[in-house]
file input.cif (mmCIF, C-alpha atoms)
data_target
#
loop_
_atom_site.label_atom_id
_atom_site.label_comp_id
_atom_site.auth_asym_id
_atom_site.auth_seq_id
_atom_site.Cartn_x
_atom_site.Cartn_y
_atom_site.Cartn_z
CA MET A 18 -52.40 -105.75 21.55
CA ALA A 19 -53.07 -109.23 20.16
CA HIS A 20 -55.58 -109.82 17.35
CA PRO A 21 -56.69 -113.47 17.51
CA PHE A 22 -57.74 -115.01 14.19
CA ASN A 23 -59.88 -117.98 15.21
CA ALA A 24 -62.28 -118.21 12.25
CA PHE A 25 -61.54 -117.55 8.60
CA GLN A 26 -62.85 -114.29 7.19
CA TRP A 27 -61.47 -113.09 3.88
CA PHE A 28 -59.82 -109.64 3.79
CA TYR A 29 -57.94 -107.61 1.22
CA PRO A 30 -54.17 -108.12 1.29
CA PRO A 31 -51.79 -105.14 1.13
CA ARG A 32 -51.36 -103.80 -2.39
CA SER A 33 -49.25 -101.06 -3.90
CA SER A 34 -51.38 -98.11 -4.96
CA THR A 35 -48.67 -96.25 -6.92
CA ARG A 36 -46.30 -97.05 -9.74
CA MET A 37 -43.62 -95.20 -11.63
CA PRO A 38 -40.88 -95.72 -14.21
CA TYR A 39 -37.41 -96.56 -12.96
CA SER A 40 -36.06 -93.51 -14.76
CA SER A 41 -38.03 -91.15 -12.50
CA SER A 42 -34.91 -89.78 -10.81
CA PRO A 43 -36.47 -87.37 -8.24
CA VAL A 44 -38.81 -90.06 -6.89
CA MET A 45 -36.16 -92.76 -6.97
CA ASN A 46 -33.75 -90.46 -5.14
CA MET A 47 -36.41 -89.85 -2.49
CA TRP A 48 -36.89 -93.59 -2.01
CA ARG A 49 -33.13 -94.16 -1.80
CA ARG A 50 -32.96 -91.68 1.07
CA PHE A 51 -35.50 -93.55 3.17
CA PRO A 52 -33.44 -95.48 5.76
CA ASP A 53 -35.96 -98.35 5.80
CA ALA A 54 -36.38 -98.77 2.03
CA ILE A 55 -35.81 -102.08 0.26
CA ALA A 56 -36.78 -103.50 -3.12
CA GLN A 57 -38.01 -106.93 -4.14
CA LEU A 58 -38.43 -108.56 -7.50
CA LYS A 59 -42.02 -108.37 -8.70
CA MET A 60 -43.16 -111.60 -10.29
CA ASN A 61 -45.52 -112.06 -13.23
CA GLY A 62 -48.23 -114.12 -11.62
CA SER A 63 -51.45 -114.03 -9.61
CA ASN A 64 -51.67 -112.79 -6.05
CA ASP A 65 -52.31 -115.77 -3.78
CA MET A 66 -53.41 -115.52 -0.16
CA VAL A 67 -52.35 -118.97 1.03
CA VAL A 68 -54.75 -119.78 3.88
CA VAL A 69 -53.67 -122.69 6.07
CA TYR A 70 -56.49 -123.87 8.35
CA PRO A 71 -55.94 -125.36 11.82
CA ASP A 72 -56.70 -128.84 10.39
CA GLN A 73 -54.02 -128.27 7.69
CA HIS A 74 -56.56 -127.74 4.92
CA ILE A 75 -55.24 -125.10 2.46
CA GLU A 76 -57.16 -122.64 0.31
CA ASN A 77 -55.75 -120.20 -2.25
CA TRP A 78 -57.64 -116.91 -2.40
CA SER A 79 -57.41 -114.14 -4.98
CA ARG A 80 -57.10 -110.50 -3.92
CA HIS A 81 -60.25 -109.82 -6.00
CA LYS A 82 -63.94 -109.84 -5.34
CA ILE A 83 -66.10 -110.97 -8.27
CA ASP A 84 -69.61 -109.81 -9.08
CA PRO A 85 -71.54 -113.08 -9.55
CA ARG A 86 -73.72 -111.48 -12.25
CA THR A 87 -71.02 -110.00 -14.46
CA LYS A 88 -68.15 -112.33 -13.43
CA LYS A 89 -65.94 -109.24 -13.24
CA SER A 90 -64.01 -107.67 -10.36
CA SER A 91 -66.24 -105.70 -8.04
CA SER A 92 -65.66 -104.12 -4.64
CA SER A 93 -69.13 -105.31 -3.61
CA GLY A 94 -68.81 -108.80 -5.02
CA ASN A 95 -67.82 -112.12 -3.49
CA PRO A 96 -64.23 -113.15 -2.64
CA LYS A 97 -62.74 -115.36 -5.33
CA LEU A 98 -60.75 -118.56 -4.97
CA LEU A 99 -57.93 -118.98 -7.47
CA ASP A 100 -58.68 -121.32 -10.34
CA TRP A 101 -55.74 -123.56 -9.49
CA LYS A 102 -55.29 -126.87 -7.72
CA MET A 103 -52.25 -126.96 -5.48
CA PRO A 104 -50.17 -130.09 -6.15
CA SER A 105 -50.10 -132.45 -3.17
CA ALA A 106 -46.29 -132.25 -2.86
CA LEU A 107 -46.44 -128.45 -2.69
CA ARG A 108 -49.26 -128.61 -0.15
CA ASP A 109 -47.25 -131.00 2.02
CA GLU A 110 -44.24 -128.68 1.90
CA VAL A 111 -46.28 -125.64 2.98
CA ILE A 112 -47.76 -127.65 5.86
CA SER A 113 -44.28 -128.79 6.92
CA PHE A 114 -43.11 -125.27 7.80
CA THR A 115 -46.44 -123.88 9.09
CA PRO A 116 -47.51 -123.93 12.77
CA LYS A 117 -50.11 -126.61 13.50
CA GLY A 118 -53.54 -126.18 15.05
CA LYS A 119 -54.15 -122.50 14.25
CA PHE A 120 -54.73 -120.28 11.22
CA THR A 121 -51.79 -118.96 9.20
CA ILE A 122 -52.15 -116.80 6.08
CA TYR A 123 -49.24 -116.07 3.75
CA ASN A 124 -49.26 -113.59 0.89
CA ALA A 125 -47.55 -114.94 -2.19
CA GLU A 126 -47.44 -114.75 -5.97
CA LEU A 127 -48.55 -117.85 -7.84
CA ILE A 128 -46.36 -118.17 -10.92
CA HIS A 129 -48.25 -120.53 -13.18
CA ALA A 130 -50.76 -119.29 -15.74
CA LYS A 131 -48.79 -116.36 -17.18
CA THR A 132 -45.55 -118.14 -18.07
CA THR A 133 -44.69 -121.19 -20.16
CA ASP A 134 -41.78 -122.62 -18.19
CA ILE A 135 -42.54 -121.76 -14.55
CA LYS A 136 -45.51 -123.72 -13.19
CA ASN A 137 -47.05 -124.35 -9.76
CA THR A 138 -44.48 -122.08 -8.13
CA LEU A 139 -45.12 -119.92 -5.06
CA TYR A 140 -43.11 -116.77 -4.34
CA PHE A 141 -43.78 -115.78 -0.70
CA PHE A 142 -43.34 -112.13 0.27
CA ASP A 143 -45.51 -111.54 3.35
CA VAL A 144 -47.27 -113.24 6.25
CA LEU A 145 -50.57 -111.69 7.37
CA VAL A 146 -51.78 -114.16 9.98
CA TRP A 147 -49.28 -116.24 11.97
CA ASP A 148 -50.06 -119.05 14.38
CA GLY A 149 -53.59 -117.78 15.02
CA GLU A 150 -52.76 -114.06 15.26
CA HIS A 151 -53.74 -111.46 12.68
CA LEU A 152 -50.59 -109.34 12.52
CA ILE A 153 -52.43 -106.00 12.54
CA GLY A 154 -50.09 -103.21 13.60
CA LYS A 155 -46.93 -105.22 12.87
CA ASP A 156 -44.56 -103.54 10.45
CA TYR A 157 -43.25 -105.27 7.35
CA ARG A 158 -39.83 -105.80 8.93
CA SER A 159 -41.44 -107.91 11.68
CA ARG A 160 -43.61 -109.85 9.24
CA TYR A 161 -40.71 -110.50 6.88
CA ASP A 162 -38.58 -111.71 9.80
CA ILE A 163 -41.20 -114.40 10.46
CA LEU A 164 -41.18 -115.37 6.80
CA SER A 165 -37.39 -115.42 6.60
CA ALA A 166 -37.06 -117.50 9.78
CA THR A 167 -39.63 -119.94 8.39
CA LEU A 168 -38.40 -120.29 4.81
CA GLY A 169 -34.75 -119.29 5.11
CA HIS A 170 -32.99 -117.82 2.09
CA ARG A 171 -34.84 -119.56 -0.72
CA TYR A 172 -34.36 -116.64 -3.07
CA MET A 173 -35.55 -117.07 -6.63
CA PRO A 174 -32.61 -116.99 -9.07
CA LEU A 175 -33.09 -115.12 -12.33
CA ASN A 176 -31.60 -117.83 -14.50
CA ILE A 177 -34.25 -120.52 -14.00
CA LYS A 178 -35.09 -122.24 -17.26
CA ARG A 179 -37.87 -124.45 -15.90
CA ALA A 180 -39.52 -124.87 -12.50
CA ASP A 181 -42.53 -126.83 -11.29
CA GLY A 182 -43.75 -127.08 -7.72
CA GLU A 183 -41.09 -124.78 -6.25
CA ILE A 184 -41.28 -122.45 -3.26
CA PHE A 185 -39.25 -119.24 -3.01
CA VAL A 186 -39.15 -116.24 -0.70
CA ALA A 187 -38.65 -112.64 -1.87
CA GLU A 188 -35.20 -111.22 -1.26
CA ASN A 189 -34.89 -107.76 0.30
CA ILE A 190 -32.54 -105.73 -1.91
CA ARG A 191 -30.75 -102.69 -0.50
CA PRO A 192 -30.76 -99.38 -2.48
CA GLU A 193 -27.13 -99.70 -3.59
CA SER A 194 -28.12 -102.83 -5.56
CA TRP A 195 -31.33 -101.52 -7.14
CA ASP A 196 -29.69 -100.56 -10.45
CA SER A 197 -28.30 -104.04 -11.07
CA ALA A 198 -31.52 -105.69 -9.85
CA TRP A 199 -33.53 -103.58 -12.30
CA VAL A 200 -31.28 -104.61 -15.18
CA ASP A 201 -31.52 -108.28 -14.17
CA ALA A 202 -35.31 -108.09 -13.90
CA GLN A 203 -35.61 -107.15 -17.59
CA LYS A 204 -34.49 -110.59 -18.77
CA PRO A 205 -36.88 -113.29 -17.52
CA SER A 206 -40.49 -113.55 -18.71
CA TYR A 207 -41.61 -114.33 -15.17
CA THR A 208 -40.56 -110.96 -13.68
CA GLU A 209 -42.52 -107.70 -14.02
CA GLY A 210 -39.89 -105.42 -12.51
CA LEU A 211 -39.35 -104.28 -8.93
CA ILE A 212 -41.51 -103.25 -6.04
CA LEU A 213 -40.10 -100.78 -3.53
CA LYS A 214 -41.14 -101.13 0.09
CA ARG A 215 -40.57 -99.36 3.36
CA ILE A 216 -40.25 -101.78 6.23
CA GLY A 217 -40.56 -99.49 9.25
CA SER A 218 -43.58 -97.99 11.03
CA SER A 219 -45.25 -96.77 7.82
CA SER A 220 -45.74 -100.41 6.80
CA SER A 221 -47.83 -101.43 9.83
CA LEU A 222 -50.46 -103.92 8.71
CA GLN A 223 -54.01 -102.64 8.44
CA VAL A 224 -57.19 -104.67 8.82
CA GLY A 225 -57.77 -104.98 5.05
CA ASN A 226 -61.48 -104.20 4.92
CA VAL A 227 -61.05 -101.98 1.84
CA GLU A 228 -59.29 -102.83 -1.42
CA LYS A 229 -56.73 -100.03 -1.33
CA ASN A 230 -55.18 -100.70 2.05
CA ASN A 231 -51.55 -100.58 3.09
CA GLY A 232 -50.59 -99.08 -0.27
CA GLY A 233 -48.54 -96.16 0.99
CA PHE A 234 -45.45 -98.12 1.95
CA MET A 235 -45.02 -99.69 -1.51
CA CYS A 236 -44.37 -98.53 -5.06
CA LYS A 237 -44.39 -100.68 -8.21
CA ILE A 238 -41.77 -100.19 -10.91
CA ARG A 239 -42.85 -102.26 -13.88
CA LYS A 240 -40.77 -102.91 -16.95
CA PRO A 241 -42.46 -101.61 -20.12
CA THR A 242 -44.79 -104.04 -21.85
CA LYS A 243 -47.73 -103.72 -24.22
CA ASN A 244 -50.04 -103.79 -21.19
CA ALA A 245 -48.14 -101.34 -18.99
CA LEU A 246 -46.21 -98.21 -19.81
CA PHE A 247 -44.09 -98.75 -16.67
#

call {"tool": "encode", "arguments": {"input": "input.cif", "output": "structure tokens"}}
result
Amino acid sequence: MAHPFNAFQWFYPPRSSTRMPYSSSPVMNMWRRFPDAIAQLKMNGSNDMVVVYPDQHIENWSRHKIDPRTKKSSSSGNPKLLDWKMPSALRDEVISFTPKGKFTIYNAELIHAKTTDIKNTLYFFDVLVWDGEHLIGKDYRSRYDILSATLGHRYMPLNIKRADGEIFVAENIRPESWDSAWVDAQKPSYTEGLILKRIGSSSSLQVGNVEKNNGGFMCKIRKPTKNALF
């Protein structure tokens, strides 16, 4: 069943609802046994729903709603645009690989405000609307295949010293490489750890009309910081 997306209406993007330490062996062992489990590097940035309009206008939306009275996150508030102006060169690049004449919405991490050396950099990890179709019911494997075919293997290396105006795509890491990926993720300031995902039927995209949607197929594993125990 197709789900045409002919007029922009903001919705909540998928978000992990659980997190755990990497040392949690029973849970990690369970995830390793899932035949459709992968991991991706989790970046230290701001979630960015990159909305490309049919006329090639681009908007960058936060995953938050903001109460206009308190200026704080609120489930009953108004959707919030990111406080960031996309550089024209980055905008042109996104337009170059996006279908023309219909809506497309990517889900990405904007790496900019929280690091000193990585600026204006987008880390794409999902596509929610593609060529005018809201991908409701499509599993993550199918959505990632679109992203991979569009962006290729622009994986973000972990030895970047400086970057500005770059575009990367998340790499799917198989369970046998999770240990080394976790060790590597401890080093850069622009990584928060890993996020585990299942890419089969449990990851089918939901409408996104509530904040905690699509959380069951993901699990965050954050490296310890002063703001997060894991």

call {"tool": "residues_around", "arguments": {"input": "input.cif", "residues": "Lys82 in chain A", "least_positions_apart": "2", "cutoff": "8 Å", "atoms": "all atoms listed in the file", "output": "ChimeraX atom specification"}}
result
/A:79-80,84,90-97

call {"tool": "write_last_selection", "arguments": {"input": "input.cif", "atoms": "C-alpha atoms", "output": "mmCIF file, keeping the file's coordinate frame"}}
result
data_model
loop_
_atom_site.group_PDB
_atom_site.id
_atom_site.type_symbol
_atom_site.label_atom_id
_atom_site.label_comp_id
_atom_site.auth_asym_id
_atom_site.auth_seq_id
_atom_site.Cartn_x
_atom_site.Cartn_y
_atom_site.Cartn_z
ATOM 1 C CA SER A 79 -57.410 -114.140 -4.980
ATOM 2 C CA ARG A 80 -57.100 -110.500 -3.920
ATOM 3 C CA ASP A 84 -69.610 -109.810 -9.080
ATOM 4 C CA SER A 90 -64.010 -107.670 -10.360
ATOM 5 C CA SER A 91 -66.240 -105.700 -8.040
ATOM 6 C CA SER A 92 -65.660 -104.120 -4.640
ATOM 7 C CA SER A 93 -69.130 -105.310 -3.610
ATOM 8 C CA GLY A 94 -68.810 -108.800 -5.020
ATOM 9 C CA ASN A 95 -67.820 -112.120 -3.490
ATOM 10 C CA PRO A 96 -64.230 -113.150 -2.640
ATOM 11 C CA LYS A 97 -62.740 -115.360 -5.330
#

call {"tool": "closest_atom_pairs", "arguments": {"input": "input.cif", "of": "range 70-163 of chain A", "to": "range 19-37 of chain A", "cutoff": "12 Å", "atoms": "only C-alpha atoms", "output": "JSON lines"}}
result
{"residue": "A:Tyr70", "atom": "CA", "partner": "A:Phe25", "partner_atom": "CA", "distance": 8.1}
{"residue": "A:Pro71", "atom": "CA", "partner": "A:Asn23", "partner_atom": "CA", "distance": 9.0}
{"residue": "A:His74", "atom": "CA", "partner": "A:Phe25", "partner_atom": "CA", "distance": 11.9}
{"residue": "A:Ile75", "atom": "CA", "partner": "A:Phe25", "partner_atom": "CA", "distance": 11.6}
{"residue": "A:Glu76", "atom": "CA", "partner": "A:Phe25", "partner_atom": "CA", "distance": 10.7}
{"residue": "A:Asn77", "atom": "CA", "partner": "A:Trp27", "partner_atom": "CA", "distance": 11.0}
{"residue": "A:Trp78", "atom": "CA", "partner": "A:Trp27", "partner_atom": "CA", "distance": 8.3}
{"residue": "A:Ser79", "atom": "CA", "partner": "A:Tyr29", "partner_atom": "CA", "distance": 9.0}
{"residue": "A:Arg80", "atom": "CA", "partner": "A:Tyr29", "partner_atom": "CA", "distance": 6.0}
{"residue": "A:His81", "atom": "CA", "partner": "A:Tyr29", "partner_atom": "CA", "distance": 7.9}
{"residue": "A:Lys82", "atom": "CA", "partner": "A:Tyr29", "partner_atom": "CA", "distance": 9.2}
{"residue": "A:Ser92", "atom": "CA", "partner": "A:Tyr29", "partner_atom": "CA", "distance": 10.3}
{"residue": "A:Asn95", "atom": "CA", "partner": "A:Trp27", "partner_atom": "CA", "distance": 9.8}
{"residue": "A:Pro96", "atom": "CA", "partner": "A:Trp27", "partner_atom": "CA", "distance": 7.1}
{"residue": "A:Lys97", "atom": "CA", "partner": "A:Trp27", "partner_atom": "CA", "distance": 9.6}
{"residue": "A:Leu98", "atom": "CA", "partner": "A:Trp27", "partner_atom": "CA", "distance": 10.4}
{"residue": "A:Gly118", "atom": "CA", "partner": "A:Asn23", "partner_atom": "CA", "distance": 10.4}
{"residue": "A:Lys119", "atom": "CA", "partner": "A:Asn23", "partner_atom": "CA", "distance": 7.4}
{"residue": "A:Phe120", "atom": "CA", "partner": "A:Phe22", "partner_atom": "CA", "distance": 6.8}
{"residue": "A:Thr121", "atom": "CA", "partner": "A:Phe22", "partner_atom": "CA", "distance": 8.7}
{"residue": "A:Ile122", "atom": "CA", "partner": "A:Phe25", "partner_atom": "CA", "distance": 9.8}
{"residue": "A:Tyr123", "atom": "CA", "partner": "A:Pro30", "partner_atom": "CA", "distance": 9.7}
{"residue": "A:Asn124", "atom": "CA", "partner": "A:Pro30", "partner_atom": "CA", "distance": 7.4}
{"residue": "A:Ala125", "atom": "CA", "partner": "A:Pro30", "partner_atom": "CA", "distance": 10.1}
{"residue": "A:Glu126", "atom": "CA", "partner": "A:Pro30", "partner_atom": "CA", "distance": 11.9}
{"residue": "A:Phe142", "atom": "CA", "partner": "A:Pro31", "partner_atom": "CA", "distance": 11.0}
{"residue": "A:Asp143", "atom": "CA", "partner": "A:Pro31", "partner_atom": "CA", "distance": 9.2}
{"residue": "A:Val144", "atom": "CA", "partner": "A:Pro30", "partner_atom": "CA", "distance": 9.9}
{"residue": "A:Leu145", "atom": "CA", "partner": "A:Pro30", "partner_atom": "CA", "distance": 7.9}
{"residue": "A:Val146", "atom": "CA", "partner": "A:Phe22", "partner_atom": "CA", "distance": 7.3}
{"residue": "A:Trp147", "atom": "CA", "partner": "A:Phe22", "partner_atom": "CA", "distance": 8.8}
{"residue": "A:Asp148", "atom": "CA", "partner": "A:Phe22", "partner_atom": "CA", "distance": 8.7}
{"residue": "A:Gly149", "atom": "CA", "partner": "A:Phe22", "partner_atom": "CA", "distance": 5.1}
{"residue": "A:Glu150", "atom": "CA", "partner": "A:Pro21", "partner_atom": "CA", "distance": 4.6}
{"residue": "A:His151", "atom": "CA", "partner": "A:His20", "partner_atom": "CA", "distance": 5.3}
{"residue": "A:Leu152", "atom": "CA", "partner": "A:His20", "partner_atom": "CA", "distance": 7.0}
{"residue": "A:Ile153", "atom": "CA", "partner": "A:His20", "partner_atom": "CA", "distance": 6.9}
{"residue": "A:Gly154", "atom": "CA", "partner": "A:His20", "partner_atom": "CA", "distance": 9.4}
{"residue": "A:Lys155", "atom": "CA", "partner": "A:Ala19", "partner_atom": "CA", "distance": 10.3}
{"residue": "A:Asp156", "atom": "CA", "partner": "A:Pro31", "partner_atom": "CA", "distance": 11.9}
{"residue": "A:Tyr157", "atom": "CA", "partner": "A:Pro31", "partner_atom": "CA", "distance": 10.6}

call {"tool": "write_last_selection", "arguments": {"input": "input.cif", "atoms": "C-alpha atoms", "output": "mmCIF file, keeping the file's coordinate frame"}}
result
data_model
loop_
_atom_site.group_PDB
_atom_site.id
_atom_site.type_symbol
_atom_site.label_atom_id
_atom_site.label_comp_id
_atom_site.auth_asym_id
_atom_site.auth_seq_id
_atom_site.Cartn_x
_atom_site.Cartn_y
_atom_site.Cartn_z
ATOM 1 C CA TYR A 70 -56.490 -123.870 8.350
ATOM 2 C CA PRO A 71 -55.940 -125.360 11.820
ATOM 3 C CA HIS A 74 -56.560 -127.740 4.920
ATOM 4 C CA ILE A 75 -55.240 -125.100 2.460
ATOM 5 C CA GLU A 76 -57.160 -122.640 0.310
ATOM 6 C CA ASN A 77 -55.750 -120.200 -2.250
ATOM 7 C CA TRP A 78 -57.640 -116.910 -2.400
ATOM 8 C CA SER A 79 -57.410 -114.140 -4.980
ATOM 9 C CA ARG A 80 -57.100 -110.500 -3.920
ATOM 10 C CA HIS A 81 -60.250 -109.820 -6.000
ATOM 11 C CA LYS A 82 -63.940 -109.840 -5.340
ATOM 12 C CA SER A 92 -65.660 -104.120 -4.640
ATOM 13 C CA ASN A 95 -67.820 -112.120 -3.490
ATOM 14 C CA PRO A 96 -64.230 -113.150 -2.640
ATOM 15 C CA LYS A 97 -62.740 -115.360 -5.330
ATOM 16 C CA LEU A 98 -60.750 -118.560 -4.970
ATOM 17 C CA GLY A 118 -53.540 -126.180 15.050
ATOM 18 C CA LYS A 119 -54.150 -122.500 14.250
ATOM 19 C CA PHE A 120 -54.730 -120.280 11.220
ATOM 20 C CA THR A 121 -51.790 -118.960 9.200
ATOM 21 C CA ILE A 122 -52.150 -116.800 6.080
ATOM 22 C CA TYR A 123 -49.240 -116.070 3.750
ATOM 23 C CA ASN A 124 -49.260 -113.590 0.890
ATOM 24 C CA ALA A 125 -47.550 -114.940 -2.190
ATOM 25 C CA GLU A 126 -47.440 -114.750 -5.970
ATOM 26 C CA PHE A 142 -43.340 -112.130 0.270
ATOM 27 C CA ASP A 143 -45.510 -111.540 3.350
ATOM 28 C CA VAL A 144 -47.270 -113.240 6.250
ATOM 29 C CA LEU A 145 -50.570 -111.690 7.370
ATOM 30 C CA VAL A 146 -51.780 -114.160 9.980
ATOM 31 C CA TRP A 147 -49.280 -116.240 11.970
ATOM 32 C CA ASP A 148 -50.060 -119.050 14.380
ATOM 33 C CA GLY A 149 -53.590 -117.780 15.020
ATOM 34 C CA GLU A 150 -52.760 -114.060 15.260
ATOM 35 C CA HIS A 151 -53.740 -111.460 12.680
ATOM 36 C CA LEU A 152 -50.590 -109.340 12.520
ATOM 37 C CA ILE A 153 -52.430 -106.000 12.540
ATOM 38 C CA GLY A 154 -50.090 -103.210 13.600
ATOM 39 C CA LYS A 155 -46.930 -105.220 12.870
ATOM 40 C CA ASP A 156 -44.560 -103.540 10.450
ATOM 41 C CA TYR A 157 -43.250 -105.270 7.350
#

call {"tool": "residues_near_point", "arguments": {"input": "input.cif", "point": "(-42.0, -126.2, 6.9)", "cutoff": "12 Å", "atoms": "only C-alpha atoms", "output": "ChimeraX atom specification"}}
result
/A:107-117,164-169,184

call {"tool": "residues_around", "arguments": {"input": "input.cif", "residues": "Leu211 in chain A", "least_positions_apart": "2", "cutoff": "6 Å", "atoms": "only C-alpha atoms", "output": "compact mmCIF listing (two decimals) with C-alpha atoms, in the frame of the given file"}}
result
# COMPACT_ATOMS: atom_id res chain seq x y z
CA GLN A 57 -38.01 -106.93 -4.14
CA LEU A 58 -38.43 -108.56 -7.50
CA LYS A 59 -42.02 -108.37 -8.70
CA ILE A 238 -41.77 -100.19 -10.91

call {"tool": "atom_distance", "arguments": {"input": "input.cif", "atom1": "CA of Ser221 in chain A", "atom2": "CA of Tyr140 in chain A"}}
result
21.4 Å

call {"tool": "closest_residue", "arguments": {"input": "input.cif", "among": "A:Thr133, A:Asn230, A:Thr138, A:Ser219", "to": "Phe51 in chain A", "atoms": "only C-alpha atoms"}}
result
A:Ser219

call {"tool": "atom_distance", "arguments": {"input": "input.cif", "atom1": "CA of Ser41 in chain A", "atom2": "CA of Thr208 in chain A"}}
result
20.0 Å

call {"tool": "closest_residue", "arguments": {"input": "input.cif", "among": "A:Arg239, A:Lys229, A:Arg191, A:Lys178", "to": "Arg49 in chain A", "atoms": "all atoms listed in the file"}}
result
A:Arg191

call {"tool": "resolve_selection", "arguments": {"input": "input.cif", "expression": "the PyMOL selection byres ((chain A and resi 137) around 8)", "output": "list in words"}}
result
Met103, Pro104, Leu127, Ile128, His129, Ile135, Lys136, Thr138, Leu139, Asp181, Gly182 and Glu183 of chain A

call {"tool": "closest_residue", "arguments": {"input": "input.cif", "among": "A:Ala56, A:Ala106, A:Ile216, A:Val44", "to": "Ser197 in chain A", "atoms": "all atoms listed in the file"}}
result
A:Ala56

call {"tool": "resolve_selection", "arguments": {"input": "input.cif", "expression": "the PyMOL selection byres ((chain A and resi 173) around 8)", "output": "ChimeraX atom specification"}}
result
/A:140,171-172,174-175,185-188
